[in-house]
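*Asks:* Contents of start_7.txt (compact mmCIF, C-alpha atoms) are given next:
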# COMPACT_ATOMS: atom_id res chain seq x y z
CA MET K 13 -3.49 233.70 181.07
CA ALA K 14 -4.38 232.83 184.67
CA ARG K 15 -8.02 232.00 185.32
CA PRO K 16 -9.82 234.40 187.72
CA SER K 17 -10.30 232.97 191.19
CA TRP K 18 -14.08 232.93 190.82
CA HIS K 19 -14.01 230.79 187.66
CA LEU K 20 -14.71 227.08 187.97
CA SER K 21 -13.57 224.45 185.52
CA ARG K 22 -16.22 222.93 183.26
CA ARG K 23 -14.89 219.61 184.56
CA THR K 24 -15.91 220.41 188.15
CA PHE K 25 -17.46 217.46 190.00
CA LEU K 26 -19.30 217.12 193.28
CA ARG K 27 -17.69 214.34 195.28
CA GLY K 28 -19.23 212.53 198.20
CA ALA K 29 -19.71 209.00 199.49
CA GLY K 30 -17.32 207.76 196.82
CA VAL K 31 -19.47 209.10 193.97
CA ALA K 32 -18.53 211.84 191.49
CA VAL K 33 -21.42 213.75 189.90
CA ALA K 34 -20.97 216.35 187.18
CA THR K 35 -22.27 219.77 188.20
CA PRO K 36 -24.78 221.64 186.03
CA TYR K 37 -23.56 224.72 184.20
CA LEU K 38 -22.92 227.61 186.62
CA HIS K 39 -22.10 231.26 185.93
CA ALA K 40 -18.80 230.79 187.77
CA MET K 41 -17.65 228.32 185.15
CA GLU K 42 -15.36 229.34 182.34
CA ARG K 43 -16.94 231.68 179.81
CA ALA K 44 -13.86 232.49 177.78
CA LEU K 45 -12.96 229.26 176.02
CA PRO K 46 -9.55 228.73 174.45
CA ALA K 47 -9.36 229.12 170.68
CA GLN K 48 -9.53 225.38 170.04
CA GLY K 49 -12.66 225.04 172.20
CA ALA K 50 -14.31 228.06 170.61
CA ALA K 51 -14.05 226.42 167.19
CA ARG K 52 -16.10 223.53 168.53
CA ALA K 53 -18.84 225.67 170.08
CA PRO K 54 -22.24 224.35 168.96
CA ARG K 55 -24.05 225.91 166.01
CA ARG K 56 -27.73 225.08 165.97
CA LEU K 57 -30.60 225.36 163.49
CA VAL K 58 -34.35 225.47 164.21
CA TYR K 59 -37.03 225.73 161.51
CA VAL K 60 -40.51 226.83 162.67
CA TYR K 61 -43.52 226.79 160.33
CA PHE K 62 -47.04 228.20 160.43
CA PRO K 63 -49.66 227.16 157.81
CA ASN K 64 -52.09 228.84 155.41
CA GLY K 65 -50.01 231.89 154.57
CA CYS K 66 -50.32 235.24 156.35
CA SER K 67 -52.37 238.40 156.63
CA LEU K 68 -51.37 240.78 153.81
CA PRO K 69 -53.78 243.65 153.14
CA ALA K 70 -52.88 245.66 150.06
CA GLU K 71 -50.07 248.14 150.62
CA ASN K 72 -52.43 251.03 149.83
CA ASP K 73 -55.01 249.79 152.36
CA ALA K 74 -54.21 252.31 155.10
CA ALA K 75 -57.11 251.19 157.27
CA ASN K 76 -55.66 247.70 157.64
CA ALA K 77 -51.92 248.43 157.34
CA ARG K 78 -51.40 247.41 160.97
CA TRP K 79 -52.46 243.86 160.06
CA ARG K 80 -49.77 243.27 157.42
CA TRP K 81 -47.39 240.45 158.36
CA PHE K 82 -44.33 242.11 156.82
CA PRO K 83 -42.78 245.15 158.52
CA SER K 84 -43.43 248.64 157.22
CA GLY K 85 -40.44 250.39 155.66
CA GLU K 86 -37.39 248.64 154.31
CA GLY K 87 -33.66 248.15 154.87
CA GLU K 88 -32.67 249.31 158.35
CA ASP K 89 -35.53 251.82 158.43
CA TRP K 90 -38.45 249.55 159.21
CA GLN K 91 -41.09 249.22 161.90
CA PHE K 92 -43.05 246.34 163.37
CA THR K 93 -46.71 246.09 162.42
CA ASP K 94 -49.18 244.96 165.05
CA VAL K 95 -48.84 241.40 163.71
CA LEU K 96 -45.16 241.19 164.63
CA LYS K 97 -45.22 243.36 167.77
CA PRO K 98 -44.68 240.31 170.04
CA LEU K 99 -41.14 240.05 168.58
CA GLU K 100 -40.24 243.69 169.25
CA LYS K 101 -37.90 243.08 172.18
CA HIS K 102 -35.70 240.96 169.87
CA ARG K 103 -35.41 243.56 167.11
CA GLU K 104 -31.58 243.52 167.15
CA ARG K 105 -31.67 239.75 166.77
CA LEU K 106 -34.09 239.65 163.84
CA SER K 107 -34.05 240.00 160.06
CA PHE K 108 -37.04 239.84 157.73
CA PHE K 109 -37.17 238.81 154.08
CA GLY K 110 -39.86 239.26 151.45
CA GLY K 111 -40.38 238.38 147.81
CA MET K 112 -38.69 234.97 147.78
CA SER K 113 -40.30 231.62 146.97
CA HIS K 114 -39.44 228.24 145.47
CA PRO K 115 -39.53 228.57 141.63
CA LYS K 116 -40.92 225.03 141.19
CA SER K 117 -43.74 225.71 143.66
CA ARG K 118 -44.95 229.14 142.48
CA GLU K 119 -47.79 227.80 140.37
CA LEU K 120 -48.87 225.18 142.90
CA LEU K 121 -51.88 225.49 145.15
CA GLY K 122 -50.43 227.11 148.25
CA HIS K 123 -51.29 224.22 150.55
CA LEU K 124 -49.38 221.79 148.33
CA ALA K 125 -46.31 224.02 148.54
CA GLY K 126 -46.11 223.25 152.26
CA ASP K 127 -44.50 219.94 151.36
CA THR K 128 -41.61 221.85 149.76
CA TRP K 129 -40.96 224.64 152.30
CA LEU K 130 -37.67 223.12 153.47
CA THR K 131 -36.93 221.12 150.30
CA GLY K 132 -37.56 223.18 147.17
CA GLY K 133 -38.71 219.88 145.64
CA ASP K 134 -40.61 219.51 142.38
CA LEU K 135 -44.29 218.59 142.87
CA ARG K 136 -45.61 220.13 139.65
CA PHE K 137 -46.41 216.91 137.86
CA ASP K 138 -48.39 213.76 138.55
CA GLN K 139 -45.42 211.98 140.06
CA TYR K 140 -44.69 213.19 143.58
CA LYS K 141 -40.98 213.98 143.52
CA ASN K 142 -39.77 215.65 146.68
CA SER K 143 -36.16 215.93 147.84
CA ILE K 144 -34.13 216.16 151.04
CA SER K 145 -35.09 218.97 153.43
CA VAL K 146 -32.52 221.49 154.62
CA ASP K 147 -32.74 220.36 158.24
CA GLN K 148 -31.80 216.82 157.23
CA ALA K 149 -28.97 218.10 155.03
CA ALA K 150 -27.65 219.87 158.13
CA ALA K 151 -28.24 216.81 160.32
CA GLN K 152 -26.12 214.61 158.03
CA VAL K 153 -23.12 216.81 158.83
CA LEU K 154 -23.80 217.77 162.46
CA LYS K 155 -25.08 214.41 163.75
CA SER K 156 -21.60 213.10 164.60
CA ARG K 157 -21.49 215.53 167.54
CA THR K 158 -24.82 214.70 169.19
CA ARG K 159 -26.89 211.80 170.47
CA TYR K 160 -29.62 212.35 167.89
CA PRO K 161 -29.30 213.71 164.34
CA SER K 162 -32.37 215.92 164.64
CA LEU K 163 -35.77 216.37 166.25
CA VAL K 164 -38.74 216.35 163.86
CA LEU K 165 -41.79 217.81 165.61
CA SER K 166 -45.31 218.97 164.75
CA THR K 167 -48.70 219.58 166.33
CA ASP K 168 -50.21 216.40 164.88
CA GLY K 169 -47.45 213.83 164.50
CA GLY K 170 -46.81 211.32 161.74
CA VAL K 171 -46.35 212.26 158.08
CA GLY K 172 -49.89 213.11 156.98
CA TYR K 173 -50.14 212.43 153.27
CA LYS K 174 -48.76 213.80 150.03
CA SER K 175 -49.69 217.45 149.53
CA ARG K 176 -50.98 217.72 153.10
CA VAL K 177 -48.01 216.58 155.17
CA SER K 178 -47.72 216.83 158.94
CA THR K 179 -43.93 217.01 158.89
CA LEU K 180 -41.40 219.50 157.51
CA SER K 181 -38.60 216.95 157.21
CA PHE K 182 -37.74 214.71 154.28
CA GLY K 183 -34.91 212.21 153.99
CA GLN K 184 -32.25 211.87 151.32
CA THR K 185 -34.62 210.16 148.90
CA GLY K 186 -37.37 212.73 149.43
CA ARG K 187 -39.56 210.55 151.64
CA PRO K 188 -41.25 212.23 154.61
CA ILE K 189 -39.85 211.62 158.09
CA PRO K 190 -42.54 211.04 160.75
CA SER K 191 -42.87 213.87 163.22
CA GLU K 192 -43.48 213.56 166.95
CA HIS K 193 -46.06 215.55 168.90
CA ARG K 194 -46.77 213.95 172.28
CA GLN K 195 -44.65 215.92 174.75
CA ARG K 196 -44.45 213.24 177.43
CA SER K 197 -43.36 210.61 174.91
CA ILE K 198 -40.77 213.00 173.49
CA PHE K 199 -39.38 213.70 176.95
CA GLU K 200 -39.22 210.04 177.93
CA ARG K 201 -37.61 209.03 174.65
CA TYR K 202 -34.92 211.70 174.45
CA PHE K 203 -34.31 212.84 178.03
CA SER K 204 -35.00 209.78 180.20
CA PRO K 205 -33.04 206.93 178.62
CA SER K 206 -32.53 205.25 182.00
CA SER K 207 -35.89 206.12 183.57
CA SER K 208 -36.70 202.43 183.87
CA GLY K 209 -33.93 202.06 186.45
CA ALA K 210 -31.96 199.69 184.24
CA THR K 211 -28.21 199.55 184.76
CA THR K 212 -25.79 200.44 181.98
CA SER K 213 -25.01 196.77 181.40
CA ASP K 214 -28.74 195.99 181.18
CA ARG K 215 -29.25 198.74 178.64
CA ARG K 216 -26.23 197.56 176.65
CA ARG K 217 -27.73 194.05 176.47
CA SER K 218 -31.09 195.54 175.47
CA LEU K 219 -29.46 197.57 172.71
CA ALA K 220 -27.64 194.49 171.47
CA ARG K 221 -30.97 192.65 171.26
CA ASP K 222 -32.52 195.58 169.43
CA ARG K 223 -29.66 195.66 166.97
CA LYS K 224 -29.92 191.92 166.32
CA ILE K 225 -33.68 192.16 165.74
CA VAL K 226 -33.28 195.07 163.34
CA ASP K 227 -30.54 193.24 161.44
CA LEU K 228 -32.74 190.17 161.06
CA VAL K 229 -35.77 192.19 159.92
CA LEU K 230 -33.62 194.13 157.46
CA GLU K 231 -32.24 190.92 156.01
CA ASP K 232 -35.71 189.40 155.60
CA SER K 233 -37.12 192.62 154.15
CA LYS K 234 -34.39 192.88 151.52
CA ARG K 235 -34.98 189.26 150.55
CA LEU K 236 -38.75 189.85 150.27
CA ARG K 237 -38.27 193.02 148.20
CA LYS K 238 -36.76 191.03 145.34
CA LYS K 239 -40.04 189.13 144.95
CA LEU K 240 -42.32 192.19 144.82
CA GLY K 241 -43.79 194.19 141.94
CA GLU K 242 -42.81 197.82 141.29
CA ARG K 243 -45.62 199.40 143.36
CA ASP K 244 -44.97 197.17 146.35
CA ARG K 245 -41.23 197.71 146.05
CA SER K 246 -41.80 201.43 146.52
CA LYS K 247 -43.72 200.77 149.74
CA MET K 248 -41.02 198.34 150.87
CA ASP K 249 -38.34 200.95 150.15
CA GLU K 250 -40.10 203.35 152.53
CA TYR K 251 -40.15 200.60 155.15
CA LEU K 252 -36.47 199.86 154.59
CA ASP K 253 -35.63 203.54 154.97
CA SER K 254 -37.34 203.49 158.36
CA LEU K 255 -35.50 200.34 159.39
CA ASN K 256 -32.17 201.81 158.32
CA ALA K 257 -32.88 204.87 160.45
CA VAL K 258 -33.69 202.64 163.44
CA GLU K 259 -30.51 200.63 162.87
CA GLU K 260 -28.41 203.80 162.75
CA GLN K 261 -29.96 205.14 165.96
CA VAL K 262 -29.41 201.85 167.80
CA LYS K 263 -25.74 202.09 166.87
CA ARG K 264 -25.67 205.71 168.02
CA ASN K 265 -27.28 204.74 171.33
CA GLU K 266 -24.55 202.16 171.85
CA ALA K 267 -21.84 204.71 171.11
CA TRP K 268 -23.33 207.26 173.54
CA LEU K 269 -24.24 204.78 176.27
CA ASP K 270 -21.31 205.62 178.55
CA ARG K 271 -21.51 209.39 178.04
CA PRO K 272 -23.66 211.10 180.65
CA MET K 273 -26.16 213.72 179.53
CA LYS K 274 -25.70 217.29 180.65
CA ALA K 275 -27.46 218.02 183.90
CA PHE K 276 -30.84 219.72 183.54
CA THR K 277 -34.03 220.49 185.42
CA ALA K 278 -37.47 219.59 184.10
CA ASP K 279 -39.68 221.20 186.74
CA HIS K 280 -40.93 223.84 184.30
CA LEU K 281 -42.06 221.37 181.63
CA ASN K 282 -45.73 220.73 180.88
CA LEU K 283 -45.76 217.22 179.44
CA ASP K 284 -49.51 216.75 179.12
CA PRO K 285 -51.03 219.88 177.52
CA ASN K 286 -54.35 219.45 175.74
CA PRO K 287 -54.40 221.00 172.24
CA ARG K 288 -58.21 220.99 172.25
CA THR K 289 -58.46 223.28 175.28
CA ALA K 290 -55.08 224.98 175.77
CA ALA K 291 -53.56 225.89 172.42
CA GLU K 292 -50.90 228.22 173.80
CA ASP K 293 -49.79 225.70 176.42
CA TYR K 294 -49.61 223.02 173.74
CA LEU K 295 -47.25 224.96 171.49
CA ARG K 296 -45.15 226.32 174.33
CA ALA K 297 -44.71 222.87 175.84
CA THR K 298 -43.02 221.79 172.62
CA PHE K 299 -40.91 224.95 172.46
CA ASP K 300 -39.74 224.21 176.01
CA LEU K 301 -38.65 220.73 174.91
CA ILE K 302 -36.77 222.21 171.94
CA VAL K 303 -34.91 224.59 174.26
CA LEU K 304 -34.07 221.69 176.58
CA ALA K 305 -32.79 219.64 173.64
CA LEU K 306 -30.48 222.46 172.59
CA GLN K 307 -29.37 223.19 176.16
CA THR K 308 -28.38 219.57 176.75
CA ASP K 309 -26.92 219.36 173.23
CA ILE K 310 -28.67 216.09 172.39
CA THR K 311 -29.22 217.52 168.90
CA ARG K 312 -28.41 220.68 166.97
CA VAL K 313 -31.15 220.51 164.35
CA VAL K 314 -34.91 220.84 164.91
CA SER K 315 -37.95 221.29 162.68
CA TYR K 316 -41.32 222.23 164.15
CA MET K 317 -44.58 222.44 162.18
CA MET K 318 -47.04 224.43 164.31
CA GLY K 319 -50.01 223.54 162.13
CA ARG K 320 -51.03 221.65 158.96
CA GLU K 321 -52.24 223.15 155.74
CA ASP K 322 -55.83 223.26 154.52
CA GLY K 323 -57.72 223.13 157.82
CA MET K 324 -56.36 219.80 158.98
CA GLY K 325 -55.30 218.74 162.45
CA PHE K 326 -55.39 220.43 165.84
CA GLY K 327 -54.03 223.73 164.57
CA ASP K 328 -57.13 224.67 162.61
CA ASN K 329 -59.02 225.07 165.90
CA PHE K 330 -56.44 227.30 167.56
CA PRO K 331 -58.17 230.62 166.60
CA LYS K 332 -61.30 229.60 168.50
CA ILE K 333 -59.46 228.07 171.45
CA ALA K 334 -56.95 230.89 171.87
CA LEU K 335 -58.82 234.00 170.69
CA GLY K 336 -62.50 233.10 170.68
CA ILE K 337 -62.77 233.49 166.89
CA ASN K 338 -65.53 231.14 165.82
CA LYS K 339 -63.76 230.05 162.64
CA GLY K 340 -60.99 227.66 161.72
CA HIS K 341 -57.61 229.01 160.60
CA HIS K 342 -58.17 227.81 157.05
CA THR K 343 -61.59 229.46 156.90
CA ILE K 344 -60.11 232.73 158.18
CA SER K 345 -57.57 232.67 155.34
CA HIS K 346 -60.45 232.51 152.79
CA ASP K 347 -63.23 234.55 154.39
CA MET K 348 -63.19 238.06 152.89
CA ALA K 349 -66.14 239.38 154.90
CA ASP K 350 -65.91 242.50 157.09
CA GLY K 351 -63.27 242.04 159.75
CA HIS K 352 -61.23 239.64 157.62
CA TRP K 353 -57.87 241.36 158.09
CA PRO K 354 -58.23 242.00 161.85
CA GLU K 355 -59.19 238.35 162.37
CA TRP K 356 -56.37 236.97 160.26
CA GLY K 357 -53.86 239.51 161.52
CA SER K 358 -54.71 238.92 165.17
CA PHE K 359 -54.22 235.18 164.72
CA ASP K 360 -50.90 235.73 162.95
CA GLN K 361 -50.02 237.95 165.90
CA TRP K 362 -50.87 235.06 168.23
CA TYR K 363 -48.54 232.76 166.29
CA ALA K 364 -45.80 235.43 166.46
CA LYS K 365 -46.36 235.59 170.21
CA GLN K 366 -45.60 231.86 170.49
CA PHE K 367 -42.44 232.23 168.42
CA GLY K 368 -41.53 235.21 170.60
CA TYR K 369 -41.90 232.98 173.67
CA PHE K 370 -39.43 230.58 172.10
CA LEU K 371 -36.94 233.41 171.51
CA ASP K 372 -37.44 234.58 175.11
CA ARG K 373 -36.60 231.11 176.39
CA LEU K 374 -33.50 230.88 174.16
CA ALA K 375 -32.33 234.27 175.41
CA ALA K 376 -32.86 233.30 179.06
CA THR K 377 -31.22 229.87 178.86
CA GLU K 378 -27.45 229.51 178.84
CA ASP K 379 -24.89 226.82 178.27
CA GLU K 380 -21.14 227.13 178.77
CA ASN K 381 -20.92 229.38 175.70
CA GLY K 382 -23.58 231.90 176.73
CA PRO K 383 -27.25 232.44 175.85
CA LEU K 384 -28.62 229.79 173.51
CA ILE K 385 -30.11 232.41 171.22
CA ASP K 386 -26.59 233.43 170.15
CA SER K 387 -25.68 229.90 169.06
CA THR K 388 -29.09 229.08 167.55
CA LEU K 389 -30.35 230.37 164.20
CA SER K 390 -34.11 230.03 163.77
CA LEU K 391 -36.08 230.42 160.54
CA TYR K 392 -39.76 231.33 161.07
CA GLY K 393 -42.20 231.41 158.17
CA SER K 394 -44.72 229.81 155.82
CA CYS K 395 -44.99 228.45 152.28
CA CYS K 396 -47.32 231.09 150.88
CA SER K 397 -48.34 234.70 151.39
CA THR K 398 -52.05 235.31 150.91
CA THR K 399 -54.52 232.49 150.36
CA HIS K 400 -53.14 229.78 148.06
CA ASN K 401 -50.44 232.09 146.70
CA ALA K 402 -47.15 230.18 146.87
CA ARG K 403 -45.06 233.33 146.34
CA ASN K 404 -43.58 236.03 148.55
CA TYR K 405 -42.99 233.71 151.51
CA PRO K 406 -43.11 235.42 154.90
CA ALA K 407 -39.69 234.74 156.43
CA ALA K 408 -37.80 235.83 159.53
CA LEU K 409 -34.37 234.83 160.80
CA ALA K 410 -33.66 235.11 164.51
CA GLY K 411 -30.57 234.67 166.67
CA GLY K 412 -27.22 233.23 165.67
CA ALA K 413 -24.98 236.16 166.64
CA ALA K 414 -22.19 233.74 167.56
CA MET K 415 -22.67 232.06 164.18
CA GLY K 416 -21.77 235.21 162.29
CA VAL K 417 -25.34 236.27 161.48
CA GLN K 418 -25.98 240.00 161.00
CA HIS K 419 -29.44 241.34 161.81
CA GLY K 420 -31.59 244.44 161.87
CA THR K 421 -32.88 244.70 158.30
CA TYR K 422 -35.99 243.97 156.25
CA ARG K 423 -35.02 243.09 152.70
CA ARG K 424 -37.38 242.61 149.76
CA PHE K 425 -36.22 240.55 146.81
CA ASP K 426 -37.61 239.94 143.35
CA GLU K 427 -38.29 236.40 142.16
CA GLU K 428 -34.80 236.03 140.71
CA GLU K 429 -33.75 235.19 144.28
CA PRO K 430 -34.97 231.64 145.11
CA PHE K 431 -35.98 230.82 148.66
CA SER K 432 -33.35 228.06 148.62
CA ASN K 433 -30.71 230.79 148.82
CA LEU K 434 -32.00 231.59 152.31
CA LEU K 435 -31.96 227.87 153.19
CA LEU K 436 -28.38 227.58 151.93
CA THR K 437 -27.46 230.60 154.05
CA THR K 438 -28.73 228.84 157.19
CA LEU K 439 -26.54 225.84 156.35
CA HIS K 440 -23.46 228.05 156.01
CA ALA K 441 -24.26 229.74 159.33
CA ALA K 442 -24.19 226.30 160.96
CA GLY K 443 -20.80 225.51 159.42
CA VAL K 444 -22.27 223.22 156.74
CA ARG K 445 -20.42 224.62 153.72
CA ALA K 446 -22.52 223.10 150.97
CA LYS K 447 -21.98 224.64 147.54
CA THR K 448 -25.68 224.41 146.71
CA PHE K 449 -28.98 223.34 148.19
CA SER K 450 -31.91 222.41 145.96
CA ASP K 451 -32.09 225.12 143.25
CA SER K 452 -30.03 227.72 145.12
CA THR K 453 -27.74 230.09 143.24
CA GLY K 454 -25.71 231.21 146.25
CA VAL K 455 -25.97 232.46 149.84
CA LEU K 456 -27.84 235.68 150.46
CA PRO K 457 -25.39 238.59 150.53
CA GLY K 458 -25.03 240.60 153.72
CA VAL K 459 -26.56 238.03 156.09
CA LEU K 460 -23.32 236.38 157.24
CA LYS K 461 -20.18 238.20 158.25
CA SER K 462 -17.49 237.65 155.66
Using structure tokens, write down the structure that the file contains.

*Replies:*
Amino acid sequence: MARPSWHLSRRTFLRGAGVAVATPYLHAMERALPAQGAARAPRRLVYVYFPNGCSLPAENDAANARWRWFPSGEGEDWQFTDVLKPLEKHRERLSFFGGMSHPKSRELLGHLAGDTWLTGGDLRFDQYKNSISVDQAAAQVLKSRTRYPSLVLSTDGGVGYKSRVSTLSFGQTGRPIPSEHRQRSIFERYFSPSSSGATTSDRRRSLARDRKIVDLVLEDSKRLRKKLGERDRSKMDEYLDSLNAVEEQVKRNEAWLDRPMKAFTADHLNLDPNPRTAAEDYLRATFDLIVLALQTDITRVVSYMMGREDGMGFGDNFPKIALGINKGHHTISHDMADGHWPEWGSFDQWYAKQFGYFLDRLAATEDENGPLIDSTLSLYGSCCSTTHNARNYPAALAGGAAMGVQHGTYRRFDEEEPFSNLLLTTLHAAGVRAKTFSDSTGVLPGVLKS
């Protein structure tokens, strides 16, 4: 079939003064890809978490029904409550799920269950025994196509500590992966690899030095490990995991050194928001970086923890900063005084507004395959419902139309349906055809087109 005269090739270059520069994506470029190209169209996964559960007045509490997190009604006949109103424009791109949870976390203190939201790991006993998170299971398969396996982001950075983590992501052995939270550092690390002005040959030499240093440290560390006791070996194993990850990324950087990044603009980015004074700006600055990462296809897997459990970190102060509520988020989730549900519900609404901003940006940003929201499936939710109750997780799926995801329903399950079935469904949507994930029993029926 002949290409229309107004279509441009995706390989179009601007040529001048003996230099060829790849053009950014334009609407006049090909939109209808051949069958072979369509099969390679990106499929992306984003996992977004809010802490401390959600506002859930009793179903017979008519006075506070507007402040329930879950929609009213069921199936295709449902309506947004005030809490979720910020997502209303994306109704046809949304599905909600209730009733599910991780079986091994149901009797845990709700805050502790945060460690297992993306893992389904077993933390019921004295020995902390987590497992790989779903984002990292996806990254293991999808990383061959991108510069970075995944982005692991949060409001606070680091890993926190067991039972009060500040990351959603866990590696193959169940150890937490440090999250990043400083927007300028994230931008400079992932989007400005040559900002120092170094030539390609200089960067290649630098990478070679990095690789040699890592190899030497790995060798010494493995030799030292043999001389350590069991407790110290465990600490050394965590260190070795980190070194192995660095070694792998150095190798990836070498492999991608001669491949130019997609063109992009960064004028709209706020790289220095202050979480102590501008909570909305702080979250949205990170969402903007996530959209940029997906647009430039540097990764196809992202996890973002918008706040830590149990009143820790910047996020606990967001109600006061953003809404003038003179209480921390954790306190709001416990305080049953008059006005409890309006306070909690209005803050949940504020969180939904930030997730809605993210969906707006995905819908407004295109790559050569169309709006990013169609090639990106996002899971939005928390590890518990009401205070400390690690059951009936609030959960919403958004986007992914080009990934075969069907939307428009609110479905309530009983506890026979583990939350890992929803996580497995996200993997299948991304083309990761795992038979199981954690304690899953199968994909959720009706979510993906057969």

*Asks:* Quick one: pull the distance between CA of Gly454 in chain K and CA of Asn433 in chain K, Å, one decimal.

*Replies:* 5.6 Å

*Asks:* What gap, in Å, lies between CA of Gly412 in chain K and CA of Cys66 in chain K?

*Replies:*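 A separation of 25.0 Å between them.
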
*Asks:* Suppose you want the space between CA of Leu384 in chain K and CA of Thr308 in chain K; what is it in Å?

*Replies:* 10.7 Å

*Asks:* Quick one: of K:Ala364, K:Val313, K:Val444, K:Ala305, who's nearest to Phe92 in chain K, counting only C-alpha atoms?

*Replies:*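 Smallest distance to Phe92 in chain K is found for K:Ala364.
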
*Asks:* Which of these residues is nearest to Pro190 in chain K, using all atoms listed in the file: K:Gly169, K:Pro406, K:Pro331, K:Pro272?

*Replies:*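 Among the listed residues, the smallest separation from Pro190 in chain K belongs to K:Gly169.
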